[in-house]
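**Q** Here you go, my_file_2.pdb (PDB, C-alpha atoms and all ligand atoms):
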ATOM      1  CA  MET F  18      87.689-114.295 -34.044
ATOM      2  CA  SER F  19      88.973-111.753 -36.498
ATOM      3  CA  LEU F  20      87.866-112.227 -40.092
ATOM      4  CA  GLY F  21      90.921-110.648 -41.579
ATOM      5  CA  HIS F  22      94.394-111.296 -42.829
ATOM      6  CA  VAL F  23      97.113-109.669 -40.674
ATOM      7  CA  GLU F  24     100.776-109.072 -41.353
ATOM      8  CA  ARG F  25     103.069-107.640 -38.695
ATOM      9  CA  PHE F  26     106.699-106.579 -38.749
ATOM     10  CA  LYS F  27     108.987-104.501 -36.563
ATOM     11  CA  SER F  28     111.717-102.231 -37.809
ATOM     12  CA  GLU F  29     113.946 -99.253 -37.156
ATOM     13  CA  ARG F  30     112.950 -95.833 -38.495
ATOM     14  CA  PRO F  31     112.597 -94.425 -41.056
ATOM     15  CA  ILE F  32     109.694 -96.492 -42.352
ATOM     16  CA  ILE F  33     107.000 -95.960 -44.962
ATOM     17  CA  ILE F  34     103.971 -98.174 -45.673
ATOM     18  CA  VAL F  35     101.617 -97.595 -48.608
ATOM     19  CA  HIS F  36      98.396 -99.211 -49.779
ATOM     20  CA  GLY F  37      96.461 -99.214 -53.018
ATOM     21  CA  GLY F  38      93.174-100.243 -51.480
ATOM     22  CA  ALA F  39      91.382-103.248 -50.045
ATOM     23  CA  GLY F  40      89.132-105.122 -52.451
ATOM     24  CA  ALA F  41      88.764-108.126 -54.719
ATOM     25  CA  TRP F  42      92.007-107.527 -56.647
ATOM     26  CA  ASP F  43      90.936-110.113 -59.222
ATOM     27  CA  VAL F  44      93.652-109.151 -61.703
ATOM     28  CA  ASP F  45      95.735-111.086 -64.221
ATOM     29  CA  GLU F  46      99.450-111.759 -63.709
ATOM     30  CA  ASP F  47     100.586-108.866 -65.932
ATOM     31  CA  THR F  48      98.511-106.320 -64.062
ATOM     32  CA  ARG F  49      99.654-107.750 -60.736
ATOM     33  CA  ARG F  50     103.294-107.379 -61.846
ATOM     34  CA  ARG F  51     102.724-103.823 -63.100
ATOM     35  CA  ILE F  52     101.118-102.771 -59.817
ATOM     36  CA  THR F  53     103.760-104.507 -57.712
ATOM     37  CA  ASP F  54     106.566-102.839 -59.697
ATOM     38  CA  PHE F  55     104.911 -99.456 -59.370
ATOM     39  CA  ILE F  56     104.579 -99.764 -55.583
ATOM     40  CA  GLU F  57     108.149-101.089 -55.213
ATOM     41  CA  LYS F  58     109.603 -98.150 -57.112
ATOM     42  CA  LEU F  59     107.483 -95.669 -55.189
ATOM     43  CA  LEU F  60     108.614 -97.152 -51.865
ATOM     44  CA  VAL F  61     112.269 -96.911 -52.857
ATOM     45  CA  GLU F  62     111.880 -93.246 -53.880
ATOM     46  CA  SER F  63     109.941 -92.400 -50.720
ATOM     47  CA  TYR F  64     112.505 -94.136 -48.539
ATOM     48  CA  GLU F  65     115.333 -92.177 -50.143
ATOM     49  CA  LEU F  66     113.511 -88.961 -49.262
ATOM     50  CA  LEU F  67     113.126 -90.107 -45.650
ATOM     51  CA  MET F  68     116.822 -91.070 -45.467
ATOM     52  CA  LYS F  69     117.776 -87.620 -46.772
ATOM     53  CA  GLY F  70     115.882 -86.071 -43.872
ATOM     54  CA  SER F  71     112.480 -85.280 -45.388
ATOM     55  CA  GLU F  72     109.672 -85.094 -42.854
ATOM     56  CA  ALA F  73     107.019 -87.801 -42.697
ATOM     57  CA  VAL F  74     104.278 -85.403 -43.834
ATOM     58  CA  ASP F  75     106.216 -84.465 -46.997
ATOM     59  CA  VAL F  76     106.839 -88.085 -47.845
ATOM     60  CA  VAL F  77     103.266 -89.327 -47.344
ATOM     61  CA  GLU F  78     102.060 -86.414 -49.478
ATOM     62  CA  TYR F  79     104.638 -87.297 -52.130
ATOM     63  CA  ALA F  80     103.735 -91.010 -52.136
ATOM     64  CA  VAL F  81      99.993 -90.408 -52.270
ATOM     65  CA  SER F  82     100.300 -87.792 -55.025
ATOM     66  CA  LYS F  83     102.240 -90.323 -57.142
ATOM     67  CA  LEU F  84      99.550 -92.946 -56.494
ATOM     68  CA  GLU F  85      96.927 -90.344 -57.503
ATOM     69  CA  ASP F  86      98.775 -89.575 -60.744
ATOM     70  CA  SER F  87      99.350 -93.220 -61.695
ATOM     71  CA  GLY F  88      95.810 -93.792 -62.972
ATOM     72  CA  ILE F  89      96.184 -97.353 -61.669
ATOM     73  CA  PHE F  90      94.325 -96.700 -58.429
ATOM     74  CA  ASN F  91      90.995 -95.220 -57.442
ATOM     75  CA  ALA F  92      92.291 -91.767 -56.538
ATOM     76  CA  GLY F  93      93.230 -88.608 -58.423
ATOM     77  CA  TYR F  94      93.456 -89.339 -62.164
ATOM     78  CA  GLY F  95      92.168 -92.919 -61.692
ATOM     79  CA  SER F  96      89.184 -91.897 -59.555
ATOM     80  CA  SER F  97      85.941 -93.832 -59.769
ATOM     81  CA  LEU F  98      82.830 -91.955 -60.891
ATOM     82  CA  ASN F  99      79.573 -91.295 -59.121
ATOM     83  CA  ILE F 100      76.184 -92.297 -60.472
ATOM     84  CA  LYS F 101      76.178 -89.231 -62.751
ATOM     85  CA  GLY F 102      79.604 -90.062 -64.183
ATOM     86  CA  VAL F 103      81.479 -87.375 -62.246
ATOM     87  CA  ALA F 104      84.624 -87.834 -60.103
ATOM     88  CA  GLU F 105      84.142 -86.422 -56.593
ATOM     89  CA  MET F 106      87.363 -86.987 -54.691
ATOM     90  CA  ASP F 107      88.098 -87.118 -50.954
ATOM     91  CA  ALA F 108      91.492 -86.903 -49.228
ATOM     92  CA  GLY F 109      93.024 -86.251 -45.824
ATOM     93  CA  ILE F 110      96.489 -85.721 -44.334
ATOM     94  CA  MET F 111      97.688 -85.501 -40.714
ATOM     95  CA  ILE F 112     100.904 -84.861 -38.785
ATOM     96  CA  GLY F 113     101.174 -86.937 -35.602
ATOM     97  CA  SER F 114     103.513 -84.788 -33.480
ATOM     98  CA  VAL F 115     101.206 -81.741 -33.538
ATOM     99  CA  MET F 116      97.977 -83.586 -34.407
ATOM    100  CA  LYS F 117      97.205 -81.202 -37.237
ATOM    101  CA  ALA F 118      94.882 -82.448 -39.964
ATOM    102  CA  GLY F 119      93.586 -81.155 -43.295
ATOM    103  CA  ALA F 120      91.071 -82.718 -45.658
ATOM    104  CA  VAL F 121      88.887 -82.163 -48.711
ATOM    105  CA  ALA F 122      85.629 -83.811 -49.698
ATOM    106  CA  MET F 123      83.768 -83.972 -53.035
ATOM    107  CA  SER F 124      86.514 -82.097 -54.833
ATOM    108  CA  ARG F 125      85.990 -82.183 -58.596
ATOM    109  CA  TYR F 126      88.601 -79.796 -59.913
ATOM    110  CA  VAL F 127      91.991 -80.650 -58.510
ATOM    111  CA  LYS F 128      94.507 -83.120 -59.939
ATOM    112  CA  ASN F 129      95.942 -83.998 -56.521
ATOM    113  CA  PRO F 130      93.377 -83.857 -53.713
ATOM    114  CA  ILE F 131      96.106 -84.744 -51.207
ATOM    115  CA  LYS F 132      97.946 -81.495 -52.031
ATOM    116  CA  LEU F 133      94.731 -79.581 -51.496
ATOM    117  CA  ALA F 134      94.215 -81.346 -48.141
ATOM    118  CA  ARG F 135      97.668 -80.131 -47.114
ATOM    119  CA  ILE F 136      96.714 -76.580 -48.091
ATOM    120  CA  VAL F 137      93.592 -76.839 -45.920
ATOM    121  CA  MET F 138      95.831 -77.998 -43.041
ATOM    122  CA  GLU F 139      98.487 -75.316 -43.427
ATOM    123  CA  LYS F 140      96.854 -72.309 -45.067
ATOM    124  CA  THR F 141      93.348 -72.214 -43.572
ATOM    125  CA  ASP F 142      91.767 -72.281 -40.112
ATOM    126  CA  HIS F 143      89.739 -75.354 -41.028
ATOM    127  CA  VAL F 144      90.164 -79.095 -41.088
ATOM    128  CA  LEU F 145      87.723 -80.177 -43.804
ATOM    129  CA  ILE F 146      86.517 -78.250 -46.846
ATOM    130  CA  GLY F 147      84.060 -79.748 -49.307
ATOM    131  CA  GLY F 148      82.500 -79.269 -52.729
ATOM    132  CA  GLU F 149      82.723 -75.960 -54.545
ATOM    133  CA  GLY F 150      84.676 -74.401 -51.688
ATOM    134  CA  ALA F 151      87.378 -77.013 -52.135
ATOM    135  CA  ASP F 152      87.499 -76.374 -55.893
ATOM    136  CA  GLU F 153      87.781 -72.620 -55.345
ATOM    137  CA  LEU F 154      90.573 -73.100 -52.837
ATOM    138  CA  ALA F 155      92.483 -75.271 -55.312
ATOM    139  CA  LYS F 156      92.225 -72.516 -57.949
ATOM    140  CA  LEU F 157      93.178 -69.830 -55.434
ATOM    141  CA  PHE F 158      96.393 -71.682 -54.633
ATOM    142  CA  GLY F 159      97.102 -72.455 -58.296
ATOM    143  CA  LEU F 160      96.887 -76.234 -57.979
ATOM    144  CA  GLU F 161      96.772 -78.219 -61.213
ATOM    145  CA  LYS F 162      93.450 -79.256 -62.733
ATOM    146  CA  ARG F 163      92.582 -82.932 -63.128
ATOM    147  CA  GLU F 164      92.369 -84.094 -66.748
ATOM    148  CA  ILE F 165      89.351 -86.111 -67.824
ATOM    149  CA  ASN F 166      90.266 -89.801 -67.797
ATOM    150  CA  GLU F 167      88.799 -91.318 -70.967
ATOM    151  CA  SER F 168      89.408 -94.912 -69.949
ATOM    152  CA  ILE F 169      87.525 -94.388 -66.667
ATOM    153  CA  ASN F 170      84.686 -92.734 -68.612
ATOM    154  CA  ARG F 171      84.548 -95.764 -70.907
ATOM    155  CA  ARG F 172      84.445 -98.094 -67.912
ATOM    156  CA  TYR F 173      81.554 -96.058 -66.506
ATOM    157  CA  LYS F 174      79.615 -96.234 -69.775
ATOM    158  CA  ASP F 175      80.292 -99.951 -70.265
ATOM    159  CA  ALA F 176      79.171-100.740 -66.745
ATOM    160  CA  LEU F 177      76.093 -98.590 -67.092
ATOM    161  CA  ASN F 178      75.106-100.405 -70.269
ATOM    162  CA  LYS F 179      75.651-103.798 -68.710
ATOM    163  CA  LYS F 180      73.934-102.955 -65.418
ATOM    164  CA  ILE F 181      70.659-102.477 -67.233
ATOM    165  CA  LEU F 182      70.793-106.081 -68.366
ATOM    166  CA  PRO F 183      68.034-108.248 -66.960
ATOM    167  CA  PRO F 184      69.063-109.615 -63.551
ATOM    168  CA  TYR F 185      69.255-113.204 -64.844
ATOM    169  CA  TYR F 186      72.492-112.252 -66.649
ATOM    170  CA  ARG F 187      74.247-112.868 -63.364
ATOM    171  CA  LYS F 188      77.584-113.821 -64.862
ATOM    172  CA  ASN F 189      77.737-110.610 -66.857
ATOM    173  CA  LEU F 190      77.116-108.638 -63.708
ATOM    174  CA  GLU F 191      80.049-110.412 -62.089
ATOM    175  CA  ILE F 192      82.206-109.455 -65.074
ATOM    176  CA  ILE F 193      81.231-105.816 -64.640
ATOM    177  CA  ASP F 194      82.556-105.946 -61.114
ATOM    178  CA  ARG F 195      85.887-107.103 -62.495
ATOM    179  CA  VAL F 196      85.912-104.492 -65.234
ATOM    180  CA  ILE F 197      85.164-101.693 -62.915
ATOM    181  CA  SER F 198      87.078-102.453 -59.767
ATOM    182  CA  LEU F 199      90.670-102.414 -60.875
ATOM    183  CA  GLY F 200      92.324-100.253 -58.284
ATOM    184  CA  ASP F 201      91.219 -98.865 -54.984
ATOM    185  CA  THR F 202      91.773 -96.019 -52.582
ATOM    186  CA  VAL F 203      95.383 -95.134 -51.787
ATOM    187  CA  GLY F 204      97.168 -94.258 -48.578
ATOM    188  CA  ALA F 205     100.536 -93.908 -46.871
ATOM    189  CA  VAL F 206     101.868 -93.743 -43.322
ATOM    190  CA  ALA F 207     105.454 -92.870 -42.452
ATOM    191  CA  LEU F 208     107.814 -92.516 -39.499
ATOM    192  CA  ASP F 209     110.662 -90.118 -40.252
ATOM    193  CA  ILE F 210     114.199 -90.009 -38.844
ATOM    194  CA  TYR F 211     113.053 -87.472 -36.224
ATOM    195  CA  GLY F 212     110.442 -89.926 -34.860
ATOM    196  CA  THR F 213     107.399 -88.072 -36.244
ATOM    197  CA  LEU F 214     104.489 -89.980 -37.760
ATOM    198  CA  ALA F 215     102.183 -88.824 -40.577
ATOM    199  CA  SER F 216      99.290 -90.285 -42.486
ATOM    200  CA  ALA F 217      97.594 -89.557 -45.838
ATOM    201  CA  THR F 218      94.632 -91.091 -47.678
ATOM    202  CA  SER F 219      93.030 -90.249 -51.047
ATOM    203  CA  THR F 220      90.121 -91.710 -52.993
ATOM    204  CA  GLY F 221      87.533 -91.331 -55.702
ATOM    205  CA  GLY F 222      85.172 -93.115 -53.315
ATOM    206  CA  ILE F 223      82.873 -95.956 -54.292
ATOM    207  CA  TRP F 224      81.765 -96.485 -57.913
ATOM    208  CA  PHE F 225      78.211 -95.270 -58.586
ATOM    209  CA  LYS F 226      77.936 -93.489 -55.257
ATOM    210  CA  LEU F 227      75.278 -90.799 -55.028
ATOM    211  CA  PRO F 228      76.464 -87.269 -55.811
ATOM    212  CA  GLY F 229      77.501 -85.589 -52.580
ATOM    213  CA  ARG F 230      78.381 -88.842 -50.817
ATOM    214  CA  ILE F 231      81.439 -88.441 -48.606
ATOM    215  CA  GLY F 232      83.385 -91.495 -47.465
ATOM    216  CA  ASP F 233      85.724 -92.120 -44.560
ATOM    217  CA  SER F 234      88.880 -90.960 -46.328
ATOM    218  CA  PRO F 235      88.581 -87.214 -45.497
ATOM    219  CA  ILE F 236      87.321 -87.803 -41.943
ATOM    220  CA  PRO F 237      90.102 -87.551 -39.335
ATOM    221  CA  GLY F 238      90.078 -90.628 -37.134
ATOM    222  CA  ALA F 239      88.093 -92.616 -39.709
ATOM    223  CA  GLY F 240      90.045 -92.956 -42.981
ATOM    224  CA  PHE F 241      93.231 -91.271 -41.774
ATOM    225  CA  TYR F 242      94.787 -90.412 -38.439
ATOM    226  CA  ALA F 243      98.132 -89.737 -36.773
ATOM    227  CA  ASP F 244      99.170 -88.881 -33.245
ATOM    228  CA  ARG F 245     102.469 -89.185 -31.356
ATOM    229  CA  ASN F 246     102.193 -92.965 -31.135
ATOM    230  CA  VAL F 247     100.302 -94.246 -34.168
ATOM    231  CA  ALA F 248      99.561 -93.425 -37.800
ATOM    232  CA  CYS F 249      96.810 -95.165 -39.761
ATOM    233  CA  SER F 250      95.314 -95.073 -43.259
ATOM    234  CA  ALA F 251      92.153 -97.081 -43.891
ATOM    235  CA  THR F 252      90.416 -98.372 -47.011
ATOM    236  CA  GLY F 253      87.209-100.205 -47.782
ATOM    237  CA  VAL F 254      83.524 -99.388 -47.498
ATOM    238  CA  GLY F 255      83.627 -95.876 -46.050
ATOM    239  CA  GLU F 256      80.264 -96.173 -44.332
ATOM    240  CA  THR F 257      81.609 -99.013 -42.156
ATOM    241  CA  ILE F 258      84.934 -97.332 -41.378
ATOM    242  CA  MET F 259      83.459 -93.961 -40.415
ATOM    243  CA  THR F 260      80.741 -95.477 -38.228
ATOM    244  CA  ILE F 261      83.327 -96.821 -35.784
ATOM    245  CA  SER F 262      86.062 -94.206 -36.482
ATOM    246  CA  LEU F 263      88.386 -97.065 -37.336
ATOM    247  CA  CYS F 264      91.792 -95.326 -37.280
ATOM    248  CA  ARG F 265      91.111 -93.448 -34.048
ATOM    249  CA  SER F 266      89.691 -96.620 -32.523
ATOM    250  CA  ILE F 267      92.974 -98.408 -33.257
ATOM    251  CA  ALA F 268      94.975 -95.490 -31.817
ATOM    252  CA  LEU F 269      92.932 -95.298 -28.601
ATOM    253  CA  SER F 270      92.916 -99.066 -28.127
ATOM    254  CA  TYR F 271      96.694 -98.993 -28.543
ATOM    255  CA  ARG F 272      96.934 -96.354 -25.811
ATOM    256  CA  TYR F 273      95.045 -98.594 -23.388
ATOM    257  CA  LEU F 274      96.188-102.056 -24.458
ATOM    258  CA  ASN F 275      99.777-101.126 -25.235
ATOM    259  CA  ASP F 276      99.759-103.727 -27.990
ATOM    260  CA  LEU F 277      99.338-102.591 -31.597
ATOM    261  CA  TYR F 278      98.368-106.011 -32.902
ATOM    262  CA  LYS F 279      95.617-106.454 -30.281
ATOM    263  CA  ALA F 280      94.447-102.867 -30.774
ATOM    264  CA  THR F 281      94.062-103.480 -34.520
ATOM    265  CA  VAL F 282      92.329-106.829 -34.200
ATOM    266  CA  GLU F 283      89.960-105.512 -31.479
ATOM    267  CA  SER F 284      88.968-102.497 -33.585
ATOM    268  CA  PHE F 285      88.374-104.605 -36.671
ATOM    269  CA  ARG F 286      86.416-107.078 -34.550
ATOM    270  CA  GLU F 287      83.967-104.282 -33.699
ATOM    271  CA  LEU F 288      83.684-103.297 -37.356
ATOM    272  CA  GLU F 289      83.210-106.907 -38.423
ATOM    273  CA  GLU F 290      80.591-107.606 -35.737
ATOM    274  CA  LEU F 291      78.567-104.719 -37.095
ATOM    275  CA  PHE F 292      79.188-105.079 -40.810
ATOM    276  CA  GLY F 293      80.775-108.477 -41.447
ATOM    277  CA  GLY F 294      83.873-109.311 -43.481
ATOM    278  CA  ASN F 295      84.786-108.098 -46.975
ATOM    279  CA  THR F 296      84.492-104.544 -45.710
ATOM    280  CA  ALA F 297      87.832-102.880 -44.898
ATOM    281  CA  GLY F 298      91.578-102.817 -44.458
ATOM    282  CA  ALA F 299      94.230-100.548 -42.966
ATOM    283  CA  ILE F 300      97.936 -99.902 -42.687
ATOM    284  CA  ILE F 301      99.154 -98.964 -39.222
ATOM    285  CA  LEU F 302     102.548 -97.811 -37.983
ATOM    286  CA  SER F 303     103.685 -97.045 -34.432
ATOM    287  CA  SER F 304     106.423 -94.698 -33.258
ATOM    288  CA  LEU F 305     108.252 -97.839 -32.029
ATOM    289  CA  GLY F 306     108.463 -99.071 -35.610
ATOM    290  CA  GLU F 307     105.689-101.670 -35.426
ATOM    291  CA  ILE F 308     104.073-102.254 -38.799
ATOM    292  CA  ILE F 309     100.627-103.801 -39.244
ATOM    293  CA  MET F 310      98.750-104.407 -42.486
ATOM    294  CA  TYR F 311      95.239-105.795 -42.025
ATOM    295  CA  TYR F 312      92.421-106.526 -44.482
ATOM    296  CA  ASN F 313      89.278-108.623 -44.415
ATOM    297  CA  THR F 314      88.737-108.374 -48.183
ATOM    298  CA  LYS F 315      90.199-110.794 -50.729
ATOM    299  CA  GLY F 316      93.240-108.637 -51.177
ATOM    300  CA  MET F 317      94.873-105.297 -50.459
ATOM    301  CA  ALA F 318      97.678-103.806 -52.534
ATOM    302  CA  ARG F 319     100.279-102.963 -49.906
ATOM    303  CA  GLY F 320     103.955-102.652 -49.175
ATOM    304  CA  PHE F 321     106.549-101.143 -46.904
ATOM    305  CA  ILE F 322     110.226-100.367 -46.760
ATOM    306  CA  SER F 323     112.522 -99.756 -43.815
ATOM    307  CA  SER F 324     116.148-100.011 -42.786
ATOM    308  CA  SER F 325     115.782-103.722 -41.990
ATOM    309  CA  LEU F 326     114.906-104.689 -45.564
ATOM    310  CA  SER F 327     117.248-104.817 -48.542
ATOM    311  CA  LYS F 328     114.273-104.335 -50.896
ATOM    312  CA  PRO F 329     110.640-103.326 -50.336
ATOM    313  CA  TYR F 330     108.059-105.877 -49.282
ATOM    314  CA  VAL F 331     105.054-105.638 -51.655
ATOM    315  CA  ASN F 332     101.982-107.857 -51.954
ATOM    316  CA  ILE F 333      98.384-107.663 -53.200
TER
HETATM  317  N1  LIG M 401      87.131 -95.918 -48.284
HETATM  318  C1  LIG M 401      86.793 -95.403 -49.579
HETATM  319  C2  LIG M 401      85.429 -94.756 -49.515
HETATM  320  O1  LIG M 401      84.528 -95.343 -48.947
HETATM  321  C3  LIG M 401      86.794 -96.414 -50.663
HETATM  322  C4  LIG M 401      87.938 -97.414 -50.692
HETATM  323  O2  LIG M 401      88.733 -97.508 -49.765
HETATM  324  O3  LIG M 401      88.059 -98.139 -51.691
HETATM  325  O4  LIG M 401      85.256 -93.724 -50.075
END
For the file at hand, write its structure as structure tokens.

**A**
Amino acid sequence: MSLGHVERFKSERPIIIVHGGAGAWDVDEDTRRRITDFIEKLLVESYELLMKGSEAVDVVEYAVSKLEDSGIFNAGYGSSLNIKGVAEMDAGIMIGSVMKAGAVAMSRYVKNPIKLARIVMEKTDHVLIGGEGADELAKLFGLEKREINESINRRYKDALNKKILPPYYRKNLEIIDRVISLGDTVGAVALDIYGTLASATSTGGIWFKLPGRIGDSPIPGAGFYADRNVACSATGVGETIMTISLCRSIALSYRYLNDLYKATVESFRELEELFGGNTAGAIILSSLGEIIMYYNTKGMARGFISSSLSKPYVNI
């Protein structure tokens, strides 16, 4: 039995799916509307680029960089902070047709980690660059610097103050969870008019993580992956996703089972047997135009657009 919520669609290319993270998404109606509108608009813009002939990799980079800039989600400007109050961001990008990947981990300097991941993919001989090396690379290529986000800093300080409350203030601790976990990791997968798939994922990681902690998002095959047949972007507790290489597991299962829905459910079943529910979600797209959005958390901000829809499908 899978513990998750699954949505599946089939469509003609081009297609783009985005997510704004799996999590509690305990938000009021206004916030829900604001997030839904933001994703809808982003999908329309991204789809126009695909229709004009942009390649999947350009469009997933574009979509994720906009999600990073929004400040609404836990990535880029909106990144969560580690236990010392510092943003250490992870991101990865991959092109399915050539199976080229680039990623950055623990980057502190750059405004758009996804752009830096693309530089790693295209301008270096490496796949993953972390820490100071990533920051130096961003400066070398003249990428913009991330501004300090005062509202995130306030959230960090508020939570820190409340966390030192005696444990019998249980309700207050629950409120902190709501204060702190507004948005989550972001990701996009796309199939362009040429039939090429690409995937991109970006995150600030998990609130109050230890300095130096790296999640699944910059690990190819874990938080992001694309080959000729499938593209995937995952979200949730990175330690669970990377342990079973979730995205690659879905892609390999698809190769053997020839059924994207079964491949997804089987891979999540393994994750859930090990770690339980309330752990992860993913968006998955096949070269045949099959779309799957799966999460075993309370919600996942998600949406897609394709030629078979008159307007984007968005839900949280
Ligand atoms: N997967 C991310 C990480 O563990 C977090 C998330 O998706 O919210 O870093």

**Q** Using the chain letters and numbers from this file, what does the PyMOL selection byres (((chain F and resi 93-95) around 8) and not hetatm) select? Give the answer as a list of chain:residue names.

**A**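 Checking the PyMOL selection byres (((chain F and resi 93-95) around 8) and not hetatm) against this file, the residues are F:Ser82, F:Leu84, F:Glu85, F:Asp86, F:Ser87, F:Gly88, F:Ile89, F:Phe90, F:Asn91, F:Ala92, F:Ser96, F:Ser97, F:Met106, F:Lys128, F:Asn129, F:Pro130, F:Arg163, F:Glu164, F:Ile165, F:Asn166, F:Ile169, F:Ser219, F:Thr220, F:Gly221.
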
**Q** Hey, which of F:Phe225, F:Phe55, F:Tyr271, F:Tyr64 ends up closest to ligand LIG 401 (chain M)? Count all atoms listed in the file.

**A**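 Comparing F:Phe225, F:Phe55, F:Tyr271, F:Tyr64 against ligand LIG 401 (chain M), the winner is F:Phe225.
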
**Q** So that I can check the surroundings of Met116 (chain F), please list as an mmCIF file with C-alpha atoms, in the frame of the given file every protein, DNA and RNA residue that reaches within 7 Å of it, counting all atoms listed in the file and ignoring chain neighbours fewer than 4 positions away.

**A**
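Ended up saving to out.cif:
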data_model
loop_
_atom_site.group_PDB
_atom_site.id
_atom_site.type_symbol
_atom_site.label_atom_id
_atom_site.label_comp_id
_atom_site.auth_asym_id
_atom_site.auth_seq_id
_atom_site.Cartn_x
_atom_site.Cartn_y
_atom_site.Cartn_z
ATOM 1 C CA MET F 111 97.688 -85.501 -40.714
ATOM 2 C CA ILE F 112 100.904 -84.861 -38.785
ATOM 3 C CA ALA F 243 98.132 -89.737 -36.773
ATOM 4 C CA ASP F 244 99.170 -88.881 -33.245
#

**Q** Check which residues fall inside 9 Å of ligand LIG 401 (chain M) when counting all atoms listed in the file, and print them as a PDB file with C-alpha atoms, in the frame of the given file.

**A**
ATOM      1  CA  GLY F  37      96.461 -99.214 -53.018  1.00  0.00           C
ATOM      2  CA  GLY F  38      93.174-100.243 -51.480  1.00  0.00           C
ATOM      3  CA  ALA F  39      91.382-103.248 -50.045  1.00  0.00           C
ATOM      4  CA  GLY F  40      89.132-105.122 -52.451  1.00  0.00           C
ATOM      5  CA  ASN F  91      90.995 -95.220 -57.442  1.00  0.00           C
ATOM      6  CA  MET F 106      87.363 -86.987 -54.691  1.00  0.00           C
ATOM      7  CA  ASP F 107      88.098 -87.118 -50.954  1.00  0.00           C
ATOM      8  CA  GLY F 200      92.324-100.253 -58.284  1.00  0.00           C
ATOM      9  CA  ASP F 201      91.219 -98.865 -54.984  1.00  0.00           C
ATOM     10  CA  THR F 202      91.773 -96.019 -52.582  1.00  0.00           C
ATOM     11  CA  VAL F 203      95.383 -95.134 -51.787  1.00  0.00           C
ATOM     12  CA  THR F 218      94.632 -91.091 -47.678  1.00  0.00           C
ATOM     13  CA  SER F 219      93.030 -90.249 -51.047  1.00  0.00           C
ATOM     14  CA  THR F 220      90.121 -91.710 -52.993  1.00  0.00           C
ATOM     15  CA  GLY F 221      87.533 -91.331 -55.702  1.00  0.00           C
ATOM     16  CA  GLY F 222      85.172 -93.115 -53.315  1.00  0.00           C
ATOM     17  CA  ILE F 223      82.873 -95.956 -54.292  1.00  0.00           C
ATOM     18  CA  TRP F 224      81.765 -96.485 -57.913  1.00  0.00           C
ATOM     19  CA  LYS F 226      77.936 -93.489 -55.257  1.00  0.00           C
ATOM     20  CA  ARG F 230      78.381 -88.842 -50.817  1.00  0.00           C
ATOM     21  CA  ILE F 231      81.439 -88.441 -48.606  1.00  0.00           C
ATOM     22  CA  GLY F 232      83.385 -91.495 -47.465  1.00  0.00           C
ATOM     23  CA  ASP F 233      85.724 -92.120 -44.560  1.00  0.00           C
ATOM     24  CA  SER F 234      88.880 -90.960 -46.328  1.00  0.00           C
ATOM     25  CA  PRO F 235      88.581 -87.214 -45.497  1.00  0.00           C
ATOM     26  CA  GLY F 240      90.045 -92.956 -42.981  1.00  0.00           C
ATOM     27  CA  ALA F 251      92.153 -97.081 -43.891  1.00  0.00           C
ATOM     28  CA  THR F 252      90.416 -98.372 -47.011  1.00  0.00           C
ATOM     29  CA  GLY F 253      87.209-100.205 -47.782  1.00  0.00           C
ATOM     30  CA  VAL F 254      83.524 -99.388 -47.498  1.00  0.00           C
ATOM     31  CA  GLY F 255      83.627 -95.876 -46.050  1.00  0.00           C
ATOM     32  CA  GLU F 256      80.264 -96.173 -44.332  1.00  0.00           C
ATOM     33  CA  THR F 257      81.609 -99.013 -42.156  1.00  0.00           C
ATOM     34  CA  ILE F 258      84.934 -97.332 -41.378  1.00  0.00           C
ATOM     35  CA  MET F 259      83.459 -93.961 -40.415  1.00  0.00           C
ATOM     36  CA  ALA F 297      87.832-102.880 -44.898  1.00  0.00           C
ATOM     37  CA  GLY F 298      91.578-102.817 -44.458  1.00  0.00           C
TER      38      GLY F 298
END

**Q** Suppose a student applies the PyMOL selection byres (((chain F and resi 124) around 7) and not hetatm) to this structure; what residues should they get, written as a ChimeraX atom specification?

**A** /F:105-107,121-123,125-127,147-148,151-152

**Q** Those same residues - C-alpha atoms - I'd like them written as an mmCIF file, in the frame of the given file.

**A**
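Generated file (result-v3.cif):
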data_model
loop_
_atom_site.group_PDB
_atom_site.id
_atom_site.type_symbol
_atom_site.label_atom_id
_atom_site.label_comp_id
_atom_site.auth_asym_id
_atom_site.auth_seq_id
_atom_site.Cartn_x
_atom_site.Cartn_y
_atom_site.Cartn_z
ATOM 1 C CA GLU F 105 84.142 -86.422 -56.593
ATOM 2 C CA MET F 106 87.363 -86.987 -54.691
ATOM 3 C CA ASP F 107 88.098 -87.118 -50.954
ATOM 4 C CA VAL F 121 88.887 -82.163 -48.711
ATOM 5 C CA ALA F 122 85.629 -83.811 -49.698
ATOM 6 C CA MET F 123 83.768 -83.972 -53.035
ATOM 7 C CA ARG F 125 85.990 -82.183 -58.596
ATOM 8 C CA TYR F 126 88.601 -79.796 -59.913
ATOM 9 C CA VAL F 127 91.991 -80.650 -58.510
ATOM 10 C CA GLY F 147 84.060 -79.748 -49.307
ATOM 11 C CA GLY F 148 82.500 -79.269 -52.729
ATOM 12 C CA ALA F 151 87.378 -77.013 -52.135
ATOM 13 C CA ASP F 152 87.499 -76.374 -55.893
#

**Q** List, as a list in words, every residue that the PyMOL selection byres (((chain F and resi 33) around 8) and not hetatm) selects in the file provided.

**A**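 The output of the PyMOL selection byres (((chain F and resi 33) around 8) and not hetatm) on this file is Pro31, Ile32, Ile34, Val35, Leu60, Ser63, Tyr64, Val77, Ala205, Val206, Ala207, Leu208, Phe321, Ile322 and Ser323 of chain F.
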
**Q** Interatomic distance between CA of Asn313 (chain F) and CA of Phe292 (chain F)?

**A**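 According to the coordinates, CA of Asn313 (chain F) and CA of Phe292 (chain F) are separated by 11.3 Å.
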